[in-house]
Each structure stands twice: as C-alpha cells, then as structure tokens.
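S.K.: Dropping in my_file-v6.txt, which is compact mmCIF, C-alpha atoms:
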```txt
# COMPACT_ATOMS: atom_id res chain seq x y z
CA MET A 1 99.08 145.53 -58.61
CA HIS A 2 98.88 146.04 -54.86
CA LEU A 3 100.70 148.95 -53.21
CA THR A 4 101.42 148.38 -49.54
CA ALA A 5 102.65 151.03 -47.10
CA GLU A 6 103.79 153.25 -49.98
CA PRO A 7 105.06 156.68 -48.78
CA ALA A 8 103.61 159.58 -50.75
CA TYR A 9 102.91 163.30 -50.68
CA VAL A 10 99.42 164.60 -51.47
CA LEU A 11 99.45 167.09 -54.35
CA HIS A 12 95.74 167.63 -54.94
CA ALA A 13 92.35 166.33 -53.82
CA ARG A 14 88.91 167.08 -55.22
CA PRO A 15 85.40 165.69 -54.71
CA TRP A 16 84.53 162.75 -56.93
CA ARG A 17 80.94 161.61 -57.22
CA GLU A 18 78.90 161.95 -54.03
CA THR A 19 81.05 160.61 -51.21
CA SER A 20 84.51 160.09 -52.69
CA LEU A 21 87.69 162.00 -53.45
CA LEU A 22 90.05 161.86 -56.42
CA VAL A 23 93.51 162.33 -54.95
CA GLU A 24 96.78 162.96 -56.79
CA VAL A 25 99.91 161.92 -54.93
CA LEU A 26 103.63 161.78 -55.59
CA SER A 27 104.79 158.40 -54.32
CA GLU A 28 108.30 157.23 -53.54
CA GLN A 29 108.50 154.15 -55.78
CA HIS A 30 105.70 154.60 -58.32
CA GLY A 31 105.79 158.30 -59.17
CA ARG A 32 102.59 160.29 -59.57
CA LEU A 33 99.42 158.31 -58.90
CA GLY A 34 95.72 159.06 -59.13
CA LEU A 35 93.84 157.50 -56.21
CA VAL A 36 90.11 157.07 -55.82
CA ALA A 37 89.23 157.32 -52.12
CA ARG A 38 85.70 156.02 -51.75
CA GLY A 39 83.28 156.97 -49.00
CA VAL A 40 85.43 159.59 -47.26
CA GLN A 41 82.89 162.40 -47.05
CA GLY A 42 80.95 161.11 -44.04
CA PRO A 43 81.57 162.36 -40.46
CA LYS A 44 83.14 159.06 -39.41
CA ARG A 45 85.91 159.38 -42.00
CA GLN A 46 87.26 162.73 -40.81
CA VAL A 47 90.69 161.34 -39.90
CA LEU A 48 91.13 159.73 -43.32
CA ARG A 49 89.90 162.86 -45.07
CA ALA A 50 92.40 164.99 -43.12
CA ALA A 51 95.23 162.69 -44.24
CA LEU A 52 94.33 163.33 -47.88
CA GLN A 53 94.82 167.11 -47.86
CA PRO A 54 97.48 168.78 -50.06
CA PHE A 55 101.04 168.84 -48.64
CA GLN A 56 100.30 165.92 -46.31
CA HIS A 57 102.91 163.15 -46.09
CA ILE A 58 101.10 159.82 -45.97
CA ARG A 59 101.49 156.06 -46.22
CA VAL A 60 98.99 154.38 -48.54
CA ASP A 61 97.69 150.97 -49.47
CA ALA A 62 96.04 150.82 -52.88
CA LEU A 63 95.00 148.50 -55.67
CA LEU A 64 96.23 149.72 -59.03
CA ARG A 65 94.10 148.79 -62.02
CA GLY A 66 94.38 150.90 -65.15
CA GLU A 67 94.88 154.65 -64.89
CA LEU A 68 93.53 155.08 -61.35
CA ALA A 69 94.21 153.15 -58.16
CA ARG A 70 91.61 152.37 -55.51
CA LEU A 71 92.76 153.56 -52.12
CA THR A 72 92.25 150.97 -49.40
CA ALA A 73 94.07 152.64 -46.49
CA ALA A 74 95.97 155.83 -45.69
CA GLU A 75 97.63 157.28 -42.62
CA ALA A 76 99.46 160.53 -42.00
CA LEU A 77 103.19 160.24 -41.37
CA ASP A 78 103.56 163.74 -39.94
CA ALA A 79 101.76 167.05 -39.64
CA ALA A 80 101.55 168.98 -42.91
CA PRO A 81 103.28 172.38 -42.78
CA ARG A 82 101.03 175.34 -42.09
CA LEU A 83 101.32 177.55 -45.14
CA ASP A 84 99.77 181.00 -45.25
CA GLY A 85 99.85 183.87 -47.71
CA ASP A 86 102.74 183.78 -50.16
CA ALA A 87 103.96 180.43 -48.83
CA ALA A 88 100.57 178.83 -49.55
CA LEU A 89 100.59 180.23 -53.08
CA ALA A 90 104.15 178.98 -53.59
CA GLY A 91 103.10 175.53 -52.42
CA PHE A 92 100.16 175.55 -54.81
CA TYR A 93 102.59 176.46 -57.61
CA VAL A 94 104.95 173.60 -56.73
CA ASN A 95 102.08 171.10 -56.71
CA GLU A 96 100.62 172.41 -59.96
CA LEU A 97 103.97 172.13 -61.76
CA LEU A 98 104.28 168.51 -60.69
CA LEU A 99 100.73 167.73 -61.76
CA ARG A 100 101.31 169.24 -65.18
CA LEU A 101 104.83 168.02 -65.96
CA VAL A 102 105.15 164.63 -64.26
CA PRO A 103 103.38 161.75 -66.06
CA ARG A 104 101.51 159.19 -64.01
CA HIS A 105 103.09 155.84 -63.17
CA ASP A 106 106.67 156.82 -64.03
CA PRO A 107 108.97 156.24 -61.04
CA PHE A 108 110.84 159.38 -60.00
CA PRO A 109 112.41 158.73 -56.57
CA GLU A 110 114.46 161.91 -56.91
CA LEU A 111 111.26 163.96 -57.29
CA TYR A 112 109.85 162.43 -54.12
CA GLU A 113 112.99 163.51 -52.27
CA LEU A 114 112.92 166.95 -53.96
CA TYR A 115 109.34 167.50 -52.87
CA GLY A 116 110.21 166.63 -49.29
CA ARG A 117 113.05 169.18 -49.26
CA THR A 118 110.94 171.88 -50.88
CA ARG A 119 107.98 171.25 -48.57
CA ALA A 120 110.26 171.73 -45.56
CA ARG A 121 111.60 175.02 -46.96
CA LEU A 122 108.27 176.62 -47.85
CA PRO A 123 107.36 177.90 -44.36
CA GLY A 124 110.72 179.65 -44.04
CA GLU A 125 112.20 182.78 -45.55
CA GLY A 126 113.55 183.18 -49.06
CA LEU A 127 110.55 181.86 -51.02
CA ALA A 128 111.89 183.11 -54.35
CA TRP A 129 115.14 181.18 -53.94
CA THR A 130 113.25 178.09 -52.75
CA LEU A 131 111.17 178.12 -55.94
CA ARG A 132 114.16 178.70 -58.25
CA ARG A 133 115.96 175.72 -56.69
CA PHE A 134 112.83 173.61 -57.11
CA GLU A 135 112.47 174.60 -60.79
CA ARG A 136 116.13 173.82 -61.45
CA ASP A 137 115.94 170.40 -59.80
CA LEU A 138 112.58 169.56 -61.39
CA LEU A 139 113.98 170.20 -64.87
CA GLU A 140 117.03 168.09 -64.03
CA ALA A 141 114.95 165.17 -62.76
CA LEU A 142 112.78 165.24 -65.91
CA GLY A 143 115.85 165.18 -68.17
CA SER A 144 115.50 168.81 -69.29
CA GLY A 145 118.12 170.48 -67.11
CA PHE A 146 121.31 172.33 -68.07
CA ASP A 147 124.90 172.78 -67.03
CA TRP A 148 124.43 176.21 -65.48
CA SER A 149 128.14 177.03 -65.55
CA VAL A 150 128.55 177.08 -69.36
CA ASP A 151 126.46 178.51 -72.19
CA ALA A 152 124.91 176.66 -75.12
CA ASP A 153 128.18 176.96 -77.07
CA GLY A 154 130.28 175.53 -74.25
CA ALA A 155 131.79 178.86 -73.19
CA PRO A 156 132.04 179.61 -69.45
CA ILE A 157 129.24 181.79 -68.10
CA ASP A 158 130.33 185.43 -67.77
CA PRO A 159 128.99 186.80 -64.47
CA ALA A 160 128.77 190.30 -65.96
CA ALA A 161 126.69 189.24 -68.99
CA ARG A 162 123.00 188.47 -69.41
CA TYR A 163 121.56 185.24 -70.77
CA ARG A 164 118.25 183.97 -72.03
CA LEU A 165 117.52 180.28 -71.55
CA ASP A 166 116.94 178.28 -74.69
CA PRO A 167 114.61 175.44 -73.56
CA GLU A 168 116.52 172.88 -75.61
CA GLN A 169 120.11 174.13 -75.54
CA GLY A 170 120.55 176.15 -72.37
CA PRO A 171 121.93 179.65 -71.69
CA ARG A 172 122.51 181.93 -74.68
CA ARG A 173 124.33 185.20 -74.15
CA LEU A 174 122.50 188.39 -75.10
CA LEU A 175 124.18 191.00 -77.20
CA SER A 176 124.68 194.34 -75.50
CA ASP A 177 122.38 196.15 -77.96
CA ARG A 178 119.32 194.04 -77.17
CA GLY A 179 116.18 195.93 -76.15
CA HIS A 180 115.35 196.61 -72.53
CA GLY A 181 112.40 194.17 -72.59
CA GLU A 182 114.54 191.23 -73.64
CA ARG A 183 117.30 192.10 -71.19
CA SER A 184 114.87 192.43 -68.27
CA ALA A 185 113.54 188.93 -69.02
CA ALA A 186 117.06 187.47 -69.02
CA ALA A 187 119.17 186.13 -66.18
CA THR A 188 122.49 187.59 -65.18
CA GLY A 189 125.50 185.32 -65.53
CA ARG A 190 126.08 185.92 -61.83
CA ALA A 191 122.66 184.41 -61.05
CA LEU A 192 123.28 181.37 -63.26
CA LEU A 193 126.60 180.70 -61.55
CA ALA A 194 124.91 181.00 -58.15
CA LEU A 195 122.29 178.50 -59.32
CA ALA A 196 125.06 176.14 -60.43
CA ARG A 197 126.68 176.36 -56.99
CA ASP A 198 123.38 176.18 -55.09
CA LEU A 199 124.03 179.58 -53.56
CA ALA A 200 121.30 182.18 -53.18
CA PRO A 201 121.73 184.89 -55.87
CA GLU A 202 121.72 188.59 -55.13
CA ALA A 203 118.19 189.85 -54.52
CA SER A 204 118.43 192.08 -57.59
CA ASP A 205 119.20 189.03 -59.75
CA LEU A 206 116.19 186.95 -58.70
CA PRO A 207 113.52 188.61 -60.91
CA GLY A 208 115.52 188.01 -64.10
CA LEU A 209 116.25 184.43 -63.08
CA ARG A 210 112.53 183.87 -62.48
CA GLN A 211 111.64 185.20 -65.94
CA ALA A 212 114.32 183.14 -67.65
CA LEU A 213 113.24 179.92 -65.95
CA ARG A 214 109.59 180.65 -66.67
CA ALA A 215 110.35 180.74 -70.38
CA VAL A 216 111.76 177.21 -70.15
CA LEU A 217 108.82 175.94 -68.12
CA THR A 218 106.35 177.55 -70.52
CA HIS A 219 107.98 175.66 -73.37
CA HIS A 220 107.47 172.34 -71.58
CA LEU A 221 103.96 173.16 -70.40
CA GLY A 222 102.66 174.03 -73.85
CA PRO A 223 100.04 176.66 -74.68
CA ARG A 224 98.08 176.31 -71.43
CA GLY A 225 99.75 178.19 -68.60
CA LEU A 226 99.39 177.67 -64.86
CA LYS A 227 96.55 178.87 -62.66
CA SER A 228 99.13 179.74 -60.01
CA TRP A 229 100.84 182.15 -62.43
CA GLU A 230 97.50 183.90 -62.95
CA MET A 231 97.00 184.12 -59.20
CA MET A 232 100.50 185.50 -58.69
CA ALA A 233 99.94 188.13 -61.39
CA GLU A 234 96.62 189.17 -59.87
CA LEU A 235 98.17 189.40 -56.41
CA ALA A 236 100.95 191.60 -57.80
CA ARG A 237 98.36 193.91 -59.40
CA VAL A 238 96.42 194.17 -56.14
CA ARG A 239 99.57 195.01 -54.20
CA SER A 240 100.55 197.68 -56.71
CA ARG A 241 97.25 199.56 -56.34
CA PRO A 242 97.37 202.66 -54.11
CA GLU A 243 95.55 202.49 -50.82
CA PRO A 244 92.19 204.29 -50.78
CA GLY A 245 92.75 207.90 -49.84
CA ALA A 246 96.52 207.67 -50.33
CA ALA A 247 98.29 210.56 -52.03
CA GLN A 248 98.89 209.96 -55.74
CA ASP A 249 101.32 211.61 -58.12
```
For the structure just supplied, provide its representation as structure tokens.
M.R.:
Amino acid sequence: MHLTAEPAYVLHARPWRETSLLVEVLSEQHGRLGLVARGVQGPKRQVLRAALQPFQHIRVDALLRGELARLTAAEALDAAPRLDGDAALAGFYVNELLLRLVPRHDPFPELYELYGRTRARLPGEGLAWTLRRFERDLLEALGSGFDWSVDADGAPIDPAARYRLDPEQGPRRLLSDRGHGERSAAATGRALLALARDLAPEASDLPGLRQALRAVLTHHLGPRGLKSWEMMAELARVRSRPEPGAAQD
C-alpha cells in the first residue's frame, strides 16, 4: 500500500543499521506506523533528518509492506516546539505512552488530533493539567475511559469524597477509615468533576489525580513501567536533596 502526503507526528527515531533510521509516527489516517528511512545519516540528508525528529509535524510518502513501511519522502509542516526541562520530559512521557499503548496500523484520527492539541500546550504553563487531560483523552480514545461524573455504581461523584480508579469499572469511593497511604493515592471527587468538565482542578488536588490515573495506566501497560516515570522519580529525588552546604535539621 502506498501512502501519499500523509500527515503525521514523529514520536521516536533511532539509528537503524549504518545509515538509516527507524522512525515511529502517529499518522492521521493510518494510526501508528513504523517507518524505515534509508540513507539519512549522510551530510546531504540533513534536512530530511531534521524532519524526522520527535515532536515534528511532517507529511510523508511511504510504501507499506508488512509491519514496517519504507519512507520515500518526508517534509516538515511546521517548526517543532522547543521543549526544555520539565516540558521536554512531559513530551517524552506523552510519546512513550502512545508508543506503548497504541497498536500499529489501527486508525485513530482522534489520537492524531489529541496529539496536536497536547503538543501545542506543552510549552505553556500548567504541565500537570496538560498531562491529566491527555491521559483522560487517551483512555477515552482507546475505549478505556470513564464517565467522570458518576462512580462505578452509578452514584453521582461527591466532591468532598475520595475515589480510587478501578481500571475496568471507574471511580470507587473510599471509606473514611482507609489508611493514609490509600487516601493519598486517591483522587478527590472535586478533581474528578473538574476532569469531567475539562476545568483545571485545584493545585492541591492534582497529585492525587495523577496517582489515581497512573494506577489505571499501569494496569493497561502491564508489568513493565515507563522509562519516563523512572526519570520523573529520579528528578524528584534530585530536587529534594539539600544543596551542598545548606543548613539541615
């Protein structure tokens, strides 16, 4: 099958053999694709190589045979956003989730649109909220989302209560005598209702919402976690260390 002028976003690129790249893209009409870009490592192919960097929006021509497609042409459609620090790590996380959860060759036009929206939001403020919206919409597009306004039993979400997220059934209210560890890993009802309305939750509600959604994603990912989670955890440990020579309690 020939793909002609297919819009796509680059998720990942790595060297393949001596002069080629293996590129993973999220395309508009054909979902996630693996592309073999041959002979792009030489100095004369710098423009093509630049178009195949993560976060780049491109238009591709390719010949699809079997699992991988052979790239025949690619051009950048815009300038990829400049992501530094936390925004770069968030972008890596978004791309890794798509690589792990989205099967190749299944059309997901809504994911293509979701990626475009998320990519535009990453350089701005409110990274935590940007990622929670992305996780919510990713689960929905893959058929694993929830009605965030009611719990697993069909009762309206109580904004004053806390909920864990059952990966198969949705929000389940915690009893008031649950341990601190389980409550801290649960989302407030107020945060779930904000998610349902696409309104940014209170800052104090975001950590619990992150933990609750991570439990759902972990279920779908299986036993192997994400490299980006490991990087985030290591970054948090580094930031929590006292500065050399700083006063300590």
S.K.: Using all atoms listed in the file, which of the listed residues (A:Arg162, A:Lys227, A:Arg237, A:His220) sits closest to Gly143 in chain A?
M.R.: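 Distance minimum relative to Gly143 in chain A lands on A:His220.
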S.K.: Set the distance at 9 Å and use all atoms listed in the file: which residues neighbour Ala90 in chain A once local chain neighbours fewer than 6 positions away are removed? I'd like the list as a PyMOL selection string.
M.R.: chain A and resi 122+127-128+131+228
S.K.: Could you please give me, as a list in words, the residues of protein, DNA or RNA lying at most 10 Å from (90.9, 150.9, -46.5) in the coordinate frame of the file, considering all atoms listed in the file?
M.R.: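 Neighbouring residues, ordered by chain and number, come to Ala37, Arg38, Leu48, Val60, Asp61, Ala62, Arg70, Leu71, Thr72, Ala73 and Ala74 of chain A.
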S.K.: Keeping only C-alpha atoms, write the selected residues to a file as a tab-separated table (two decimals), in the coordinates of the input.
M.R.:
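Dumped to part-v1.tsv:
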```tsv
chain	number	residue	atom	x	y	z
A	37	ALA	CA	89.23	157.32	-52.12
A	38	ARG	CA	85.70	156.02	-51.75
A	48	LEU	CA	91.13	159.73	-43.32
A	60	VAL	CA	98.99	154.38	-48.54
A	61	ASP	CA	97.69	150.97	-49.47
A	62	ALA	CA	96.04	150.82	-52.88
A	70	ARG	CA	91.61	152.37	-55.51
A	71	LEU	CA	92.76	153.56	-52.12
A	72	THR	CA	92.25	150.97	-49.40
A	73	ALA	CA	94.07	152.64	-46.49
A	74	ALA	CA	95.97	155.83	-45.69
```
S.K.: Looking at A:Leu195, A:Leu101, A:Val23, A:Leu3, which one is nearest to Val150 in chain A, with distances taken over only C-alpha atoms?
M.R.: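 Among the listed residues, A:Leu195 lies closest to Val150 in chain A.
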S.K.: With only C-alpha atoms as the counted atoms, please give the residues lying no more than 6 Å from range 206-217 of chain A, apart from itself and same-chain residues fewer than 5 positions off, as a PyMOL selection string.
M.R.: chain A and resi 164-165+167+185-187
S.K.: For C-alpha atoms, I'd like the residues from the last selection saved as a PDB file, keeping the file's coordinate frame.
M.R.:
```pdb
ATOM      1  CA  ARG A 164     118.250 183.970 -72.030  1.00  0.00           C
ATOM      2  CA  LEU A 165     117.520 180.280 -71.550  1.00  0.00           C
ATOM      3  CA  PRO A 167     114.610 175.440 -73.560  1.00  0.00           C
ATOM      4  CA  ALA A 185     113.540 188.930 -69.020  1.00  0.00           C
ATOM      5  CA  ALA A 186     117.060 187.470 -69.020  1.00  0.00           C
ATOM      6  CA  ALA A 187     119.170 186.130 -66.180  1.00  0.00           C
TER       7      ALA A 187
END
```
S.K.: Neighbours of Leu98 in chain A within 10 Å (all atoms listed in the file; same-chain residues fewer than 4 positions away dropped), as a PyMOL selection string?
M.R.: chain A and resi 11+25-26+32+93-94+102-103+111+115+138
S.K.: For range 151-170 of chain A, what centre and edge lengths in Å (one decimal) does the axis-aligned box get once 4 Å is added on each side of all its listed atoms, as JSON?
M.R.:
```
{"center_x": 123.3, "center_y": 181.6, "center_z": -70.8, "size_x": 25.4, "size_y": 25.4, "size_z": 20.6}
```
S.K.: I need the residue nearest Thr118 in chain A from this list: A:Pro201, A:Pro15, A:Tyr9, A:Arg45. Use only C-alpha atoms for the distance.
M.R.: A:Tyr9
S.K.: Choose the residue, out of A:Ala141, A:Ala203, A:Ala79, A:Ala160, that has the smallest atom-to-atom separation from Asp106 in chain A; count all atoms listed in the file.
M.R.: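 Among the listed residues, A:Ala141 lies closest to Asp106 in chain A.
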S.K.: Which one is closest to Ala76 in chain A: A:Val238, A:Leu99, A:Ala191, A:Ile58? Count all atoms listed in the file.
M.R.: A:Ile58
S.K.: Pick the closest to His2 in chain A from A:Ala69, A:Leu89, A:Gly116, A:Asp147: which is it, counting all atoms listed in the file?
M.R.: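 Between A:Ala69, A:Leu89, A:Gly116, A:Asp147, the residue approaching His2 in chain A most closely is A:Ala69.
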S.K.: Please measure the separation of CA of Gly189 in chain A and CA of Leu174 in chain A, giving the value in Å to one decimal.
M.R.: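 Computing it gives 10.5 Å between the two atoms.
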S.K.: Report the distance between CA of Asp78 in chain A and CA of His30 in chain A in Å, rounded to one decimal place.
M.R.: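 Between these atoms lies a distance of 20.6 Å.
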S.K.: CA of Glu18 in chain A and CA of Arg104 in chain A are how many Å apart?
M.R.: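 So the two atoms, CA of Glu18 in chain A and CA of Arg104 in chain A, lie 24.9 Å apart.
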S.K.: Identify the residues around (85.3, 163.4, -48.2) within a radius of 12 Å, measuring from all atoms listed in the file in the coordinates stated by the file, and give them as a list of chain:residue names.
M.R.: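 Protein, DNA and RNA residues close to (85.3, 163.4, -48.2): A:Ala13, A:Arg14, A:Pro15, A:Trp16, A:Arg17, A:Glu18, A:Thr19, A:Ser20, A:Leu21, A:Leu22, A:Val23, A:Val36, A:Ala37, A:Arg38, A:Gly39, A:Val40, A:Gln41, A:Gly42, A:Pro43, A:Lys44, A:Arg45, A:Gln46, A:Val47, A:Leu48, A:Arg49, A:Ala50, A:Ala51, A:Leu52, A:Gln53.
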S.K.: Within 8 Å of Pro109 in chain A, counting all atoms listed in the file, which residues show up once you throw out same-chain ones fewer than 2 positions away? Write them as a list of chain:residue names, please.
M.R.: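 Residues near the query, excluding close chain neighbours: A:Ser27, A:Glu28, A:Gln29, A:Gly31, A:Pro107, A:Leu111, A:Tyr112, A:Glu113.
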S.K.: Any chance you could export range 82-189 of chain A with C-alpha atoms, as a PDB file, in the first residue's frame?
M.R.:
```
ATOM      1  CA  ARG A  82      11.139  23.962  21.614  1.00  0.00           C
ATOM      2  CA  LEU A  83      10.768  21.940  24.785  1.00  0.00           C
ATOM      3  CA  ASP A  84      13.188  22.308  27.672  1.00  0.00           C
ATOM      4  CA  GLY A  85      13.348  20.928  31.191  1.00  0.00           C
ATOM      5  CA  ASP A  86      10.045  19.672  32.551  1.00  0.00           C
ATOM      6  CA  ALA A  87       8.262  20.326  29.255  1.00  0.00           C
ATOM      7  CA  ALA A  88      10.734  18.090  27.396  1.00  0.00           C
ATOM      8  CA  LEU A  89      10.250  15.322  29.954  1.00  0.00           C
ATOM      9  CA  ALA A  90       6.466  15.705  29.690  1.00  0.00           C
ATOM     10  CA  GLY A  91       6.709  15.423  25.909  1.00  0.00           C
ATOM     11  CA  PHE A  92       8.821  12.293  26.221  1.00  0.00           C
ATOM     12  CA  TYR A  93       6.154  10.853  28.537  1.00  0.00           C
ATOM     13  CA  VAL A  94       3.346  11.619  26.066  1.00  0.00           C
ATOM     14  CA  ASN A  95       5.264   9.974  23.223  1.00  0.00           C
ATOM     15  CA  GLU A  96       6.181   6.934  25.304  1.00  0.00           C
ATOM     16  CA  LEU A  97       2.566   6.360  26.350  1.00  0.00           C
ATOM     17  CA  LEU A  98       1.473   6.398  22.722  1.00  0.00           C
ATOM     18  CA  LEU A  99       4.249   4.020  21.703  1.00  0.00           C
ATOM     19  CA  ARG A 100       3.305   1.575  24.430  1.00  0.00           C
ATOM     20  CA  LEU A 101      -0.491   1.707  24.281  1.00  0.00           C
ATOM     21  CA  VAL A 102      -1.364   2.376  20.642  1.00  0.00           C
ATOM     22  CA  PRO A 103      -1.037  -0.646  18.311  1.00  0.00           C
ATOM     23  CA  ARG A 104       0.445  -0.155  14.877  1.00  0.00           C
ATOM     24  CA  HIS A 105      -1.789   0.176  11.821  1.00  0.00           C
ATOM     25  CA  ASP A 106      -5.022   0.876  13.731  1.00  0.00           C
ATOM     26  CA  PRO A 107      -6.560   4.169  12.565  1.00  0.00           C
ATOM     27  CA  PHE A 108      -7.102   6.622  15.424  1.00  0.00           C
ATOM     28  CA  PRO A 109      -7.879  10.046  13.892  1.00  0.00           C
ATOM     29  CA  GLU A 110      -8.917  11.325  17.320  1.00  0.00           C
ATOM     30  CA  LEU A 111      -5.451  10.496  18.698  1.00  0.00           C
ATOM     31  CA  TYR A 112      -3.810  12.438  15.892  1.00  0.00           C
ATOM     32  CA  GLU A 113      -5.928  15.459  16.821  1.00  0.00           C
ATOM     33  CA  LEU A 114      -5.265  14.893  20.549  1.00  0.00           C
ATOM     34  CA  TYR A 115      -1.529  14.833  19.963  1.00  0.00           C
ATOM     35  CA  GLY A 116      -1.694  18.088  18.051  1.00  0.00           C
ATOM     36  CA  ARG A 117      -3.553  19.791  20.914  1.00  0.00           C
ATOM     37  CA  THR A 118      -1.212  18.395  23.558  1.00  0.00           C
ATOM     38  CA  ARG A 119       1.904  19.301  21.573  1.00  0.00           C
ATOM     39  CA  ALA A 120       0.697  22.903  21.364  1.00  0.00           C
ATOM     40  CA  ARG A 121       0.084  23.033  25.136  1.00  0.00           C
ATOM     41  CA  LEU A 122       3.410  21.571  26.268  1.00  0.00           C
ATOM     42  CA  PRO A 123       5.499  24.766  26.001  1.00  0.00           C
ATOM     43  CA  GLY A 124       2.992  26.676  28.135  1.00  0.00           C
ATOM     44  CA  GLU A 125       2.183  26.699  31.819  1.00  0.00           C
ATOM     45  CA  GLY A 126       0.172  24.111  33.713  1.00  0.00           C
ATOM     46  CA  LEU A 127       2.056  20.972  32.632  1.00  0.00           C
ATOM     47  CA  ALA A 128       0.356  18.781  35.238  1.00  0.00           C
ATOM     48  CA  TRP A 129      -3.103  19.695  33.958  1.00  0.00           C
ATOM     49  CA  THR A 130      -1.980  19.253  30.339  1.00  0.00           C
ATOM     50  CA  LEU A 131      -0.850  15.694  31.115  1.00  0.00           C
ATOM     51  CA  ARG A 132      -4.013  14.786  33.058  1.00  0.00           C
ATOM     52  CA  ARG A 133      -6.160  15.944  30.124  1.00  0.00           C
ATOM     53  CA  PHE A 134      -4.007  13.921  27.742  1.00  0.00           C
ATOM     54  CA  GLU A 135      -4.303  10.776  29.904  1.00  0.00           C
ATOM     55  CA  ARG A 136      -8.070  11.187  30.146  1.00  0.00           C
ATOM     56  CA  ASP A 137      -8.493  11.629  26.393  1.00  0.00           C
ATOM     57  CA  LEU A 138      -6.042   8.844  25.550  1.00  0.00           C
ATOM     58  CA  LEU A 139      -8.018   6.365  27.655  1.00  0.00           C
ATOM     59  CA  GLU A 140     -11.233   7.547  26.025  1.00  0.00           C
ATOM     60  CA  ALA A 141      -9.862   7.157  22.502  1.00  0.00           C
ATOM     61  CA  LEU A 142      -8.634   3.628  23.275  1.00  0.00           C
ATOM     62  CA  GLY A 143     -12.047   2.605  24.634  1.00  0.00           C
ATOM     63  CA  SER A 144     -10.937   2.504  28.278  1.00  0.00           C
ATOM     64  CA  GLY A 145     -12.314   5.818  29.525  1.00  0.00           C
ATOM     65  CA  PHE A 146     -14.940   6.551  32.175  1.00  0.00           C
ATOM     66  CA  ASP A 147     -17.860   8.810  32.919  1.00  0.00           C
ATOM     67  CA  TRP A 148     -16.021  11.017  35.397  1.00  0.00           C
ATOM     68  CA  SER A 149     -19.220  12.433  36.894  1.00  0.00           C
ATOM     69  CA  VAL A 150     -20.534   9.156  38.383  1.00  0.00           C
ATOM     70  CA  ASP A 151     -18.898   6.325  40.308  1.00  0.00           C
ATOM     71  CA  ALA A 152     -18.752   2.644  39.372  1.00  0.00           C
ATOM     72  CA  ASP A 153     -22.159   2.072  40.991  1.00  0.00           C
ATOM     73  CA  GLY A 154     -23.809   4.909  39.077  1.00  0.00           C
ATOM     74  CA  ALA A 155     -23.952   7.310  42.027  1.00  0.00           C
ATOM     75  CA  PRO A 156     -23.029  10.966  41.409  1.00  0.00           C
ATOM     76  CA  ILE A 157     -19.469  11.859  42.371  1.00  0.00           C
ATOM     77  CA  ASP A 158     -19.311  13.552  45.778  1.00  0.00           C
ATOM     78  CA  PRO A 159     -16.843  16.461  45.573  1.00  0.00           C
ATOM     79  CA  ALA A 160     -15.981  16.034  49.261  1.00  0.00           C
ATOM     80  CA  ALA A 161     -15.139  12.317  48.982  1.00  0.00           C
ATOM     81  CA  ARG A 162     -12.064  10.492  47.712  1.00  0.00           C
ATOM     82  CA  TYR A 163     -12.028   7.871  44.977  1.00  0.00           C
ATOM     83  CA  ARG A 164      -9.674   5.272  43.631  1.00  0.00           C
ATOM     84  CA  LEU A 165      -9.972   4.407  39.954  1.00  0.00           C
ATOM     85  CA  ASP A 166     -10.811   0.823  39.147  1.00  0.00           C
ATOM     86  CA  PRO A 167      -9.218   0.258  35.696  1.00  0.00           C
ATOM     87  CA  GLU A 168     -12.252  -1.671  34.468  1.00  0.00           C
ATOM     88  CA  GLN A 169     -15.173  -0.052  36.282  1.00  0.00           C
ATOM     89  CA  GLY A 170     -14.183   3.512  37.071  1.00  0.00           C
ATOM     90  CA  PRO A 171     -14.255   5.581  40.283  1.00  0.00           C
ATOM     91  CA  ARG A 172     -14.870   3.732  43.559  1.00  0.00           C
ATOM     92  CA  ARG A 173     -15.445   5.749  46.705  1.00  0.00           C
ATOM     93  CA  LEU A 174     -13.050   5.188  49.593  1.00  0.00           C
ATOM     94  CA  LEU A 175     -14.354   4.605  53.062  1.00  0.00           C
ATOM     95  CA  SER A 176     -13.404   7.247  55.596  1.00  0.00           C
ATOM     96  CA  ASP A 177     -11.367   4.778  57.680  1.00  0.00           C
ATOM     97  CA  ARG A 178      -8.967   3.864  54.881  1.00  0.00           C
ATOM     98  CA  GLY A 179      -5.264   4.266  55.621  1.00  0.00           C
ATOM     99  CA  HIS A 180      -3.383   7.432  54.778  1.00  0.00           C
ATOM    100  CA  GLY A 181      -1.405   5.698  52.004  1.00  0.00           C
ATOM    101  CA  GLU A 182      -4.510   4.638  50.109  1.00  0.00           C
ATOM    102  CA  ARG A 183      -6.181   8.016  50.562  1.00  0.00           C
ATOM    103  CA  SER A 184      -3.116   9.919  49.336  1.00  0.00           C
ATOM    104  CA  ALA A 185      -3.111   7.810  46.156  1.00  0.00           C
ATOM    105  CA  ALA A 186      -6.785   8.564  45.508  1.00  0.00           C
ATOM    106  CA  ALA A 187      -8.417  11.448  43.674  1.00  0.00           C
ATOM    107  CA  THR A 188     -10.802  13.869  45.286  1.00  0.00           C
ATOM    108  CA  GLY A 189     -14.330  13.923  43.930  1.00  0.00           C
TER     109      GLY A 189
END
```
